[in-house]
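One file, my_file.pdb, is given below (PDB, C-alpha atoms).
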ATOM      1  CA  MET A   1      62.473  18.848 -25.100
ATOM      2  CA  LEU A   2      64.711  21.890 -25.442
ATOM      3  CA  GLY A   3      67.889  20.076 -26.398
ATOM      4  CA  SER A   4      68.442  17.863 -23.343
ATOM      5  CA  LEU A   5      66.227  19.985 -21.084
ATOM      6  CA  GLU A   6      62.716  18.668 -20.426
ATOM      7  CA  VAL A   7      60.038  21.322 -19.912
ATOM      8  CA  SER A   8      56.258  21.597 -20.137
ATOM      9  CA  ALA A   9      54.888  21.907 -23.687
ATOM     10  CA  LEU A  10      53.916  25.491 -22.908
ATOM     11  CA  GLY A  11      55.920  27.847 -20.742
ATOM     12  CA  MET A  12      55.124  31.116 -19.017
ATOM     13  CA  GLY A  13      56.805  34.414 -19.787
ATOM     14  CA  CYS A  14      57.033  36.531 -16.636
ATOM     15  CA  GLN A  15      58.089  39.811 -18.257
ATOM     16  CA  ASN A  16      54.662  41.409 -18.196
ATOM     17  CA  PHE A  17      54.308  41.118 -14.425
ATOM     18  CA  ALA A  18      57.120  43.688 -14.230
ATOM     19  CA  GLY A  19      55.102  46.214 -16.234
ATOM     20  CA  MET A  20      55.762  46.166 -19.987
ATOM     21  CA  TYR A  21      52.242  47.125 -21.048
ATOM     22  CA  GLY A  22      51.335  49.291 -18.081
ATOM     23  CA  PRO A  23      52.026  49.392 -14.339
ATOM     24  CA  PRO A  24      53.508  46.233 -12.782
ATOM     25  CA  THR A  25      51.055  43.581 -11.630
ATOM     26  CA  ASN A  26      50.381  43.565  -7.908
ATOM     27  CA  ARG A  27      53.235  41.474  -6.554
ATOM     28  CA  GLN A  28      51.183  39.015  -4.532
ATOM     29  CA  GLU A  29      48.767  38.570  -7.420
ATOM     30  CA  ALA A  30      51.676  37.846  -9.757
ATOM     31  CA  VAL A  31      53.033  35.276  -7.301
ATOM     32  CA  ARG A  32      49.597  33.657  -7.057
ATOM     33  CA  ILE A  33      49.220  33.426 -10.863
ATOM     34  CA  ILE A  34      52.667  31.861 -11.286
ATOM     35  CA  ARG A  35      51.887  29.241  -8.642
ATOM     36  CA  ALA A  36      48.478  28.611 -10.210
ATOM     37  CA  ALA A  37      50.205  27.982 -13.539
ATOM     38  CA  ARG A  38      52.388  25.367 -11.887
ATOM     39  CA  ASP A  39      49.266  23.756 -10.449
ATOM     40  CA  ARG A  40      47.991  23.496 -14.025
ATOM     41  CA  GLY A  41      51.108  21.719 -15.223
ATOM     42  CA  ILE A  42      53.373  24.563 -16.361
ATOM     43  CA  THR A  43      56.955  23.876 -15.284
ATOM     44  CA  PHE A  44      58.910  26.330 -17.476
ATOM     45  CA  PHE A  45      59.136  29.951 -16.334
ATOM     46  CA  ASP A  46      61.022  32.652 -18.229
ATOM     47  CA  VAL A  47      62.315  35.964 -16.895
ATOM     48  CA  ALA A  48      65.341  38.310 -17.233
ATOM     49  CA  GLU A  49      67.327  40.751 -15.125
ATOM     50  CA  VAL A  50      66.216  43.658 -17.326
ATOM     51  CA  TYR A  51      62.495  43.059 -16.641
ATOM     52  CA  GLY A  52      61.767  45.756 -14.116
ATOM     53  CA  PRO A  53      64.769  45.879 -14.056
ATOM     54  CA  PHE A  54      65.195  43.208 -11.381
ATOM     55  CA  LEU A  55      61.502  43.124 -10.376
ATOM     56  CA  GLY A  56      60.638  40.208 -12.645
ATOM     57  CA  GLU A  57      63.307  37.986 -11.101
ATOM     58  CA  GLU A  58      62.283  38.993  -7.592
ATOM     59  CA  ILE A  59      58.670  37.998  -8.312
ATOM     60  CA  VAL A  60      59.690  34.672  -9.861
ATOM     61  CA  GLY A  61      62.020  33.951  -6.955
ATOM     62  CA  GLU A  62      59.296  34.582  -4.409
ATOM     63  CA  ALA A  63      56.768  32.505  -6.336
ATOM     64  CA  LEU A  64      58.915  29.484  -7.107
ATOM     65  CA  SER A  65      61.416  29.150  -4.258
ATOM     66  CA  PRO A  66      59.016  26.947  -2.211
ATOM     67  CA  ILE A  67      58.687  24.560  -5.192
ATOM     68  CA  ARG A  68      62.130  25.029  -6.752
ATOM     69  CA  GLY A  69      62.670  21.356  -7.451
ATOM     70  CA  GLN A  70      59.461  21.124  -9.476
ATOM     71  CA  VAL A  71      60.203  23.875 -12.015
ATOM     72  CA  ILE A  72      62.629  25.034 -14.683
ATOM     73  CA  ILE A  73      63.724  28.670 -14.418
ATOM     74  CA  ALA A  74      65.164  30.497 -17.414
ATOM     75  CA  THR A  75      66.594  33.986 -17.137
ATOM     76  CA  LYS A  76      68.848  36.276 -19.185
ATOM     77  CA  PHE A  77      71.904  38.495 -18.892
ATOM     78  CA  GLY A  78      73.404  40.901 -21.375
ATOM     79  CA  PHE A  79      72.473  44.476 -20.497
ATOM     80  CA  ASP A  80      74.501  47.117 -18.696
ATOM     81  CA  ILE A  81      72.257  47.982 -15.749
ATOM     82  CA  THR A  82      73.178  50.279 -12.875
ATOM     83  CA  PRO A  83      72.282  49.265  -9.295
ATOM     84  CA  ASP A  84      69.362  51.717  -9.397
ATOM     85  CA  GLY A  85      67.962  50.113 -12.553
ATOM     86  CA  GLN A  86      69.186  52.404 -15.334
ATOM     87  CA  VAL A  87      69.805  50.476 -18.565
ATOM     88  CA  ARG A  88      72.874  51.720 -20.431
ATOM     89  CA  GLY A  89      73.130  49.466 -23.446
ATOM     90  CA  VAL A  90      74.451  45.920 -23.661
ATOM     91  CA  ASN A  91      77.258  44.240 -21.728
ATOM     92  CA  SER A  92      78.221  40.606 -22.207
ATOM     93  CA  ARG A  93      81.789  40.829 -20.987
ATOM     94  CA  PRO A  94      82.649  37.622 -19.108
ATOM     95  CA  ASP A  95      83.261  39.442 -15.828
ATOM     96  CA  ASN A  96      79.833  41.075 -16.070
ATOM     97  CA  ILE A  97      78.133  37.770 -16.899
ATOM     98  CA  LYS A  98      79.569  36.205 -13.764
ATOM     99  CA  ARG A  99      78.733  39.213 -11.578
ATOM    100  CA  VAL A 100      75.166  39.406 -12.878
ATOM    101  CA  THR A 101      74.622  35.667 -12.422
ATOM    102  CA  GLU A 102      75.454  35.952  -8.711
ATOM    103  CA  GLN A 103      72.887  38.742  -8.372
ATOM    104  CA  GLN A 104      70.281  36.729 -10.279
ATOM    105  CA  LEU A 105      70.772  33.732  -7.999
ATOM    106  CA  ARG A 106      70.015  35.936  -4.997
ATOM    107  CA  ARG A 107      66.914  37.480  -6.561
ATOM    108  CA  LEU A 108      65.642  34.099  -7.728
ATOM    109  CA  LYS A 109      66.282  32.588  -4.279
ATOM    110  CA  THR A 110      68.106  29.612  -5.745
ATOM    111  CA  ASP A 111      71.624  28.245  -6.079
ATOM    112  CA  TYR A 112      71.353  27.351  -9.777
ATOM    113  CA  ILE A 113      69.757  28.687 -12.962
ATOM    114  CA  ASP A 114      68.352  26.009 -15.259
ATOM    115  CA  LEU A 115      68.723  27.995 -18.475
ATOM    116  CA  GLN A 116      70.835  31.149 -18.755
ATOM    117  CA  TYR A 117      70.390  33.095 -22.013
ATOM    118  CA  GLN A 118      72.415  35.891 -23.504
ATOM    119  CA  HIS A 119      69.576  38.405 -23.955
ATOM    120  CA  ARG A 120      71.034  40.310 -26.912
ATOM    121  CA  VAL A 121      74.183  39.734 -28.948
ATOM    122  CA  ASP A 122      76.903  42.135 -27.812
ATOM    123  CA  PRO A 123      78.648  43.648 -30.872
ATOM    124  CA  THR A 124      81.800  44.255 -28.807
ATOM    125  CA  VAL A 125      82.302  40.785 -27.281
ATOM    126  CA  PRO A 126      83.052  37.649 -29.336
ATOM    127  CA  ILE A 127      80.294  35.107 -28.817
ATOM    128  CA  GLU A 128      82.968  32.513 -28.058
ATOM    129  CA  ASP A 129      83.921  34.517 -24.958
ATOM    130  CA  VAL A 130      80.273  34.656 -23.897
ATOM    131  CA  ALA A 131      79.851  30.905 -24.361
ATOM    132  CA  GLY A 132      83.088  30.297 -22.475
ATOM    133  CA  ALA A 133      81.935  32.382 -19.514
ATOM    134  CA  VAL A 134      78.650  30.477 -19.290
ATOM    135  CA  GLN A 135      80.562  27.210 -19.642
ATOM    136  CA  GLU A 136      82.560  28.126 -16.529
ATOM    137  CA  LEU A 137      79.336  28.849 -14.652
ATOM    138  CA  ILE A 138      78.007  25.445 -15.741
ATOM    139  CA  ARG A 139      81.153  23.757 -14.430
ATOM    140  CA  GLU A 140      80.665  25.572 -11.130
ATOM    141  CA  GLY A 141      77.078  24.303 -10.918
ATOM    142  CA  LYS A 142      75.545  27.792 -10.953
ATOM    143  CA  VAL A 143      74.025  27.354 -14.425
ATOM    144  CA  ARG A 144      72.813  24.150 -16.071
ATOM    145  CA  HIS A 145      72.082  25.128 -19.677
ATOM    146  CA  PHE A 146      73.110  27.886 -22.112
ATOM    147  CA  GLY A 147      70.754  29.781 -24.404
ATOM    148  CA  LEU A 148      70.755  32.642 -26.900
ATOM    149  CA  SER A 149      68.063  35.244 -27.553
ATOM    150  CA  ALA A 150      67.523  37.275 -30.730
ATOM    151  CA  ALA A 151      70.390  35.385 -32.406
ATOM    152  CA  GLY A 152      70.907  34.381 -36.039
ATOM    153  CA  GLU A 153      72.456  31.261 -37.552
ATOM    154  CA  ALA A 154      76.106  32.339 -37.605
ATOM    155  CA  THR A 155      76.080  33.389 -33.952
ATOM    156  CA  ILE A 156      74.273  30.217 -32.898
ATOM    157  CA  ARG A 157      76.779  27.990 -34.670
ATOM    158  CA  ARG A 158      79.787  29.870 -33.299
ATOM    159  CA  ALA A 159      78.483  29.671 -29.733
ATOM    160  CA  HIS A 160      77.482  26.022 -30.057
ATOM    161  CA  LYS A 161      81.056  25.020 -30.921
ATOM    162  CA  VAL A 162      82.248  26.302 -27.534
ATOM    163  CA  GLN A 163      79.316  25.403 -25.288
ATOM    164  CA  PRO A 164      76.316  23.448 -26.612
ATOM    165  CA  VAL A 165      73.294  25.738 -26.912
ATOM    166  CA  THR A 166      70.174  24.261 -25.348
ATOM    167  CA  ALA A 167      67.624  26.796 -26.584
ATOM    168  CA  VAL A 168      67.256  29.841 -28.802
ATOM    169  CA  GLN A 169      64.602  32.389 -27.895
ATOM    170  CA  ASN A 170      63.494  34.694 -30.726
ATOM    171  CA  GLU A 171      60.235  36.436 -31.543
ATOM    172  CA  TYR A 172      57.964  34.117 -33.535
ATOM    173  CA  SER A 173      54.227  33.996 -34.140
ATOM    174  CA  VAL A 174      51.671  33.726 -36.924
ATOM    175  CA  TRP A 175      52.340  37.325 -37.981
ATOM    176  CA  THR A 176      56.110  37.427 -37.241
ATOM    177  CA  ARG A 177      57.993  34.866 -39.335
ATOM    178  CA  ASP A 178      61.602  36.039 -39.024
ATOM    179  CA  PRO A 179      62.945  32.732 -37.546
ATOM    180  CA  GLU A 180      61.830  30.897 -40.676
ATOM    181  CA  LEU A 181      64.642  32.610 -42.616
ATOM    182  CA  GLU A 182      67.452  30.514 -41.103
ATOM    183  CA  VAL A 183      67.094  30.063 -37.348
ATOM    184  CA  LEU A 184      64.572  27.221 -37.189
ATOM    185  CA  ALA A 185      66.558  25.079 -39.643
ATOM    186  CA  THR A 186      69.725  25.761 -37.641
ATOM    187  CA  CYS A 187      68.047  24.675 -34.409
ATOM    188  CA  GLU A 188      66.759  21.502 -36.021
ATOM    189  CA  ASP A 189      70.174  20.722 -37.483
ATOM    190  CA  LEU A 190      71.975  21.182 -34.159
ATOM    191  CA  GLY A 191      69.329  19.660 -31.885
ATOM    192  CA  ILE A 192      68.562  22.979 -30.191
ATOM    193  CA  GLY A 193      65.138  23.840 -28.769
ATOM    194  CA  PHE A 194      63.309  26.973 -29.879
ATOM    195  CA  VAL A 195      61.347  29.253 -27.543
ATOM    196  CA  PRO A 196      59.094  31.812 -29.290
ATOM    197  CA  TRP A 197      58.725  35.040 -27.358
ATOM    198  CA  SER A 198      55.686  37.187 -27.994
ATOM    199  CA  PRO A 199      53.810  34.157 -29.409
ATOM    200  CA  LEU A 200      50.560  36.141 -29.157
ATOM    201  CA  GLY A 201      51.946  39.169 -30.980
ATOM    202  CA  MET A 202      52.089  41.303 -27.823
ATOM    203  CA  GLY A 203      48.415  40.519 -27.308
ATOM    204  CA  TYR A 204      47.250  41.515 -30.777
ATOM    205  CA  LEU A 205      46.542  37.957 -31.947
ATOM    206  CA  THR A 206      44.116  37.451 -29.065
ATOM    207  CA  GLY A 207      41.758  39.958 -30.695
ATOM    208  CA  THR A 208      41.691  42.140 -27.580
ATOM    209  CA  VAL A 209      44.004  44.871 -28.938
ATOM    210  CA  THR A 210      41.483  46.638 -31.149
ATOM    211  CA  PRO A 211      42.198  49.580 -33.475
ATOM    212  CA  LEU A 212      40.330  51.849 -31.045
ATOM    213  CA  MET A 213      42.405  50.891 -28.005
ATOM    214  CA  VAL A 214      44.574  53.699 -26.593
ATOM    215  CA  HIS A 215      47.999  52.657 -25.310
ATOM    216  CA  GLY A 216      49.202  54.573 -22.275
ATOM    217  CA  PRO A 217      52.712  56.052 -22.056
ATOM    218  CA  ALA A 218      53.900  53.111 -19.940
ATOM    219  CA  ASP A 219      52.842  50.637 -22.650
ATOM    220  CA  LEU A 220      55.731  49.411 -24.812
ATOM    221  CA  ARG A 221      53.387  49.063 -27.781
ATOM    222  CA  ALA A 222      52.689  52.806 -27.898
ATOM    223  CA  ASN A 223      55.974  53.292 -29.763
ATOM    224  CA  LEU A 224      55.896  50.295 -32.087
ATOM    225  CA  PRO A 225      55.082  50.747 -35.813
ATOM    226  CA  ARG A 226      52.873  47.641 -35.872
ATOM    227  CA  PHE A 227      50.658  49.102 -33.151
ATOM    228  CA  THR A 228      49.685  52.429 -34.638
ATOM    229  CA  THR A 229      45.932  52.823 -35.053
ATOM    230  CA  GLU A 230      46.299  52.467 -38.821
ATOM    231  CA  ALA A 231      48.440  49.328 -38.573
ATOM    232  CA  ARG A 232      46.106  47.684 -36.079
ATOM    233  CA  ARG A 233      43.216  48.294 -38.438
ATOM    234  CA  ALA A 234      45.144  47.058 -41.491
ATOM    235  CA  ASN A 235      46.330  43.900 -39.717
ATOM    236  CA  TRP A 236      42.938  42.833 -38.381
ATOM    237  CA  PRO A 237      42.517  40.164 -41.118
ATOM    238  CA  VAL A 238      45.188  38.127 -39.294
ATOM    239  CA  VAL A 239      42.944  37.973 -36.219
ATOM    240  CA  GLU A 240      39.895  37.129 -38.357
ATOM    241  CA  LEU A 241      41.825  34.273 -39.989
ATOM    242  CA  LEU A 242      42.634  32.785 -36.582
ATOM    243  CA  GLN A 243      39.063  33.298 -35.428
ATOM    244  CA  ARG A 244      37.736  31.348 -38.428
ATOM    245  CA  VAL A 245      39.949  28.387 -37.600
ATOM    246  CA  GLY A 246      39.070  28.731 -33.925
ATOM    247  CA  THR A 247      35.368  28.398 -34.662
ATOM    248  CA  ARG A 248      35.903  24.749 -35.599
ATOM    249  CA  HIS A 249      37.653  24.065 -32.288
ATOM    250  CA  GLN A 250      35.618  26.267 -29.931
ATOM    251  CA  ALA A 251      38.863  28.167 -29.385
ATOM    252  CA  THR A 252      39.840  31.833 -29.284
ATOM    253  CA  SER A 253      42.148  33.394 -31.857
ATOM    254  CA  GLY A 254      44.913  33.528 -29.251
ATOM    255  CA  GLN A 255      44.553  29.830 -28.485
ATOM    256  CA  VAL A 256      44.799  29.045 -32.196
ATOM    257  CA  ALA A 257      47.942  31.195 -32.412
ATOM    258  CA  LEU A 258      49.537  29.130 -29.630
ATOM    259  CA  ALA A 259      48.282  25.853 -31.085
ATOM    260  CA  TRP A 260      49.830  26.801 -34.431
ATOM    261  CA  LEU A 261      53.251  27.106 -32.783
ATOM    262  CA  LEU A 262      52.786  23.881 -30.813
ATOM    263  CA  ALA A 263      51.928  22.042 -34.025
ATOM    264  CA  ARG A 264      55.021  23.276 -35.881
ATOM    265  CA  LYS A 265      57.691  21.195 -34.129
ATOM    266  CA  PRO A 266      57.877  19.203 -30.860
ATOM    267  CA  TRP A 267      60.950  21.239 -29.846
ATOM    268  CA  ILE A 268      59.125  24.588 -30.066
ATOM    269  CA  VAL A 269      57.909  25.812 -26.649
ATOM    270  CA  PRO A 270      55.982  29.128 -26.642
ATOM    271  CA  ILE A 271      56.087  31.356 -23.558
ATOM    272  CA  PRO A 272      53.000  33.617 -23.534
ATOM    273  CA  GLY A 273      53.114  36.269 -20.826
ATOM    274  CA  PRO A 274      49.826  36.691 -18.953
ATOM    275  CA  THR A 275      49.052  39.349 -16.385
ATOM    276  CA  THR A 276      45.762  37.873 -15.113
ATOM    277  CA  GLN A 277      44.454  34.500 -13.996
ATOM    278  CA  ASP A 278      42.011  34.411 -16.904
ATOM    279  CA  GLN A 279      44.754  35.011 -19.447
ATOM    280  CA  MET A 280      46.872  32.278 -17.900
ATOM    281  CA  ASP A 281      43.976  29.823 -17.960
ATOM    282  CA  GLN A 282      43.200  30.608 -21.601
ATOM    283  CA  ASN A 283      46.838  30.058 -22.523
ATOM    284  CA  VAL A 284      47.005  26.684 -20.783
ATOM    285  CA  ASP A 285      43.701  25.660 -22.361
ATOM    286  CA  ALA A 286      45.366  26.135 -25.779
ATOM    287  CA  LEU A 287      47.108  22.812 -25.119
ATOM    288  CA  GLN A 288      43.756  21.153 -25.771
ATOM    289  CA  VAL A 289      43.488  22.682 -29.262
ATOM    290  CA  GLN A 290      44.847  20.159 -31.755
ATOM    291  CA  LEU A 291      45.181  21.683 -35.212
ATOM    292  CA  ASN A 292      45.092  19.263 -38.137
ATOM    293  CA  ALA A 293      46.723  19.539 -41.561
ATOM    294  CA  GLU A 294      43.667  21.323 -42.970
ATOM    295  CA  ASP A 295      43.781  23.919 -40.192
ATOM    296  CA  MET A 296      47.485  24.525 -40.719
ATOM    297  CA  LYS A 297      47.020  24.870 -44.466
ATOM    298  CA  GLN A 298      44.173  27.325 -43.982
ATOM    299  CA  ILE A 299      46.343  29.484 -41.756
ATOM    300  CA  GLU A 300      49.312  29.382 -44.147
ATOM    301  CA  ASP A 301      47.243  29.990 -47.275
ATOM    302  CA  GLY A 302      45.327  32.772 -45.576
ATOM    303  CA  PHE A 303      48.450  34.448 -44.234
ATOM    304  CA  THR A 304      50.097  34.555 -47.654
ATOM    305  CA  GLN A 305      47.202  36.779 -48.787
ATOM    306  CA  ILE A 306      47.798  39.285 -45.970
ATOM    307  CA  LYS A 307      50.489  41.958 -45.971
ATOM    308  CA  VAL A 308      51.319  42.747 -42.349
ATOM    309  CA  GLU A 309      51.718  46.491 -41.901
ATOM    310  CA  GLY A 310      54.357  47.981 -39.618
ATOM    311  CA  ALA A 311      57.704  46.755 -38.326
ATOM    312  CA  ARG A 312      57.462  44.457 -35.311
ATOM    313  CA  LEU A 313      59.837  46.606 -33.222
ATOM    314  CA  SER A 314      61.106  50.180 -33.206
ATOM    315  CA  PRO A 315      64.304  50.926 -35.197
ATOM    316  CA  PRO A 316      66.532  51.029 -32.063
ATOM    317  CA  MET A 317      65.097  47.716 -30.859
ATOM    318  CA  LEU A 318      65.519  46.085 -34.275
ATOM    319  CA  ALA A 319      69.128  47.309 -34.375
ATOM    320  CA  MET A 320      69.817  45.060 -31.371
ATOM    321  CA  ILE A 321      68.516  41.938 -33.161
ATOM    322  CA  ASP A 322      71.275  39.795 -34.666
ATOM    323  CA  ILE A 323      71.978  39.440 -38.372
ATOM    324  CA  GLY A 324      69.884  36.577 -39.694
ATOM    325  CA  ALA A 325      67.329  36.880 -36.909
ATOM    326  CA  LYS A 326      65.311  39.624 -38.616
ATOM    327  CA  LEU A 327      63.679  40.033 -42.003
ATOM    328  CA  GLY A 328      65.892  41.426 -44.729
ATOM    329  CA  THR A 329      69.121  39.999 -43.320
ATOM    330  CA  SER A 330      71.095  36.769 -43.601
ATOM    331  CA  SER A 331      74.130  35.599 -41.679
ATOM    332  CA  LYS A 332      74.940  32.800 -44.124
ATOM    333  CA  GLY A 333      78.557  33.109 -45.137
ATOM    334  CA  GLY A 334      79.128  35.687 -42.400
ATOM    335  CA  SER A 335      79.833  35.808 -38.681
ATOM    336  CA  GLY A 336      76.729  37.535 -37.344
ATOM    337  CA  MET A 337      76.728  40.665 -35.195
ATOM    338  CA  SER A 338      79.255  39.306 -32.714
ATOM    339  CA  PRO A 339      82.871  40.324 -33.477
ATOM    340  CA  VAL A 340      85.412  37.709 -34.508
ATOM    341  CA  ARG A 341      88.458  37.302 -32.275
TER     342      ARG A 341
END
Would you mind writing the structure in this file as structure tokens?
Amino acid sequence: MLGSLEVSALGMGCQNFAGMYGPPTNRQEAVRIIRAARDRGITFFDVAEVYGPFLGEEIVGEALSPIRGQVIIATKFGFDITPDGQVRGVNSRPDNIKRVTEQQLRRLKTDYIDLQYQHRVDPTVPIEDVAGAVQELIREGKVRHFGLSAAGEATIRRAHKVQPVTAVQNEYSVWTRDPELEVLATCEDLGIGFVPWSPLGMGYLTGTVTPLMVHGPADLRANLPRFTTEARRANWPVVELLQRVGTRHQATSGQVALAWLLARKPWIVPIPGPTTQDQMDQNVDALQVQLNAEDMKQIEDGFTQIKVEGARLSPPMLAMIDIGAKLGTSSKGGSGMSPVR
């Protein structure tokens, strides 16, 4: 359960079909994989207008419109995107939220969005105005639930007072622990679900992103500090730790990484983003991996002995993450990145 929204225990992130780590996936293949995931019990599909831009929502709309009543679709607003797909910063002004939502409904081939997230906190728009705009869309029946992405405690609490927040989506995985600072406790306190994005560490935790791999210019990871050749080599003990636990369960390191998240809390729903049928099947098979207390302790004890090298995102990307949602910051006693009225 994400708040009052029931979803499958594992979701599917659809960002990578739009080409984050290379060229976009063949459209019909992406549609086939999404439908195959539903056949395997996945009901929760996550996308955003900025993926592509627009391409991700178009793919999800094509894939899920024939089975719309059987699935939960989450998407996101919050960027300033021109009609030809140029991203020009953030924009969560209420008029833009409403305009973008109409466009998303068309691309998704639906008349309602199950879960509409603010993608990034807008430092020029009070979060109360954002929550109020989504509340109006909920009253109109165009949106059913409100979510926040990359948000810290202060922002979450401010938004929740205006319109109850159903889910918070922040980066979280075995090697990225930022939500443990304040966000997870806030979600538990308020009855909000938590959706970890990049639960496989942008593929690194699967053990397939080796130090020798060369990232092409279209690959987001080519510009991230944690994915330099030196950092990938230095961080390999994290993969080996997961592999050791996986040996006991006949599971891959990536499956253990997902199982670790699933074992944390019943209201945590990871959304790994496959690009192939095999990746999707491996992700779904992680639901069969049941980690016990000994496994969890081994992972925690082992991780405390490892110093992860490299920031998880580039400086400009980290600058867009809310206060309290990234290491080295706290929003306690403050108001977060969103301005106060």
**Q.** Nearest residue to Ile268 in chain A from the set A:Gly52, A:Pro339, A:Gly207, A:Pro179 (distances using all atoms listed in the file)
**A.** A:Pro179
Q: Spell out the residues picked by the PyMOL selection byres ((chain A and resi 224) around 8) here, as a list in words.
A: Leu220, Arg221, Ala222, Asn223, Pro225, Arg226, Phe227, Thr228, Ala311, Arg312, Leu313 and Ser314 of chain A
Q. For this file, the PyMOL selection byres ((chain A and resi 131-146) around 6) selects which residues, as number ranges by chain?
A. A: 94, 112-117, 128-130, 147, 159, 163, 165-166
Which residues of range 58-167 of chain A come within 10 Å of range 191-205 of chain A, and for each one, what is the closest pair of atoms and their distance in Å to one decimal, counting only C-alpha atoms, sorted by chain and residue number, as JSON lines?
{"residue": "A:Gly147", "atom": "CA", "partner": "A:Ile192", "partner_atom": "CA", "distance": 9.2}
{"residue": "A:Leu148", "atom": "CA", "partner": "A:Phe194", "partner_atom": "CA", "distance": 9.8}
{"residue": "A:Ser149", "atom": "CA", "partner": "A:Val195", "partner_atom": "CA", "distance": 9.0}
{"residue": "A:Ala150", "atom": "CA", "partner": "A:Trp197", "partner_atom": "CA", "distance": 9.7}
{"residue": "A:Ile156", "atom": "CA", "partner": "A:Ile192", "partner_atom": "CA", "distance": 9.6}
{"residue": "A:His160", "atom": "CA", "partner": "A:Ile192", "partner_atom": "CA", "distance": 9.4}
{"residue": "A:Pro164", "atom": "CA", "partner": "A:Ile192", "partner_atom": "CA", "distance": 8.6}
{"residue": "A:Val165", "atom": "CA", "partner": "A:Ile192", "partner_atom": "CA", "distance": 6.4}
{"residue": "A:Thr166", "atom": "CA", "partner": "A:Ile192", "partner_atom": "CA", "distance": 5.3}
{"residue": "A:Ala167", "atom": "CA", "partner": "A:Gly193", "partner_atom": "CA", "distance": 4.4}
Could you save those same residues with C-alpha atoms as a compact mmCIF listing (two decimals), in the frame of the given file?
# COMPACT_ATOMS: atom_id res chain seq x y z
CA GLY A 147 70.75 29.78 -24.40
CA LEU A 148 70.76 32.64 -26.90
CA SER A 149 68.06 35.24 -27.55
CA ALA A 150 67.52 37.28 -30.73
CA ILE A 156 74.27 30.22 -32.90
CA HIS A 160 77.48 26.02 -30.06
CA PRO A 164 76.32 23.45 -26.61
CA VAL A 165 73.29 25.74 -26.91
CA THR A 166 70.17 24.26 -25.35
CA ALA A 167 67.62 26.80 -26.58
Q: List every protein, DNA or RNA residue that has at least one atom no more than 6 Å from (67.0, 27.5, -5.2) in the file's coordinates, counting only C-alpha atoms, and write the result as a PyMOL selection string.
A: chain A and resi 65+68+109-111
Q: Convert the output of the PyMOL selection byres ((chain A and resi 55) around 12) on the shown file into explicit residues, formatted as a ChimeraX atom specification.
A: /A:14-20,24-27,30-31,47-54,56-62,84-85,104,107-108
**Q.** Selection: 12 Å around Val340 in chain A, all atoms listed in the file, excl. self and same-chain fewer than 6 positions, as number ranges by chain
**A.** A: 122-129, 154-155, 158-159, 334
Q. Out of A:Ala293, A:Gly89, A:Ser338, A:Leu2, which residue has the shortest atom-to-atom distance to Leu190 in chain A when counting all atoms listed in the file?
A.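 Of all the options, A:Leu2 lies closest to Leu190 in chain A.
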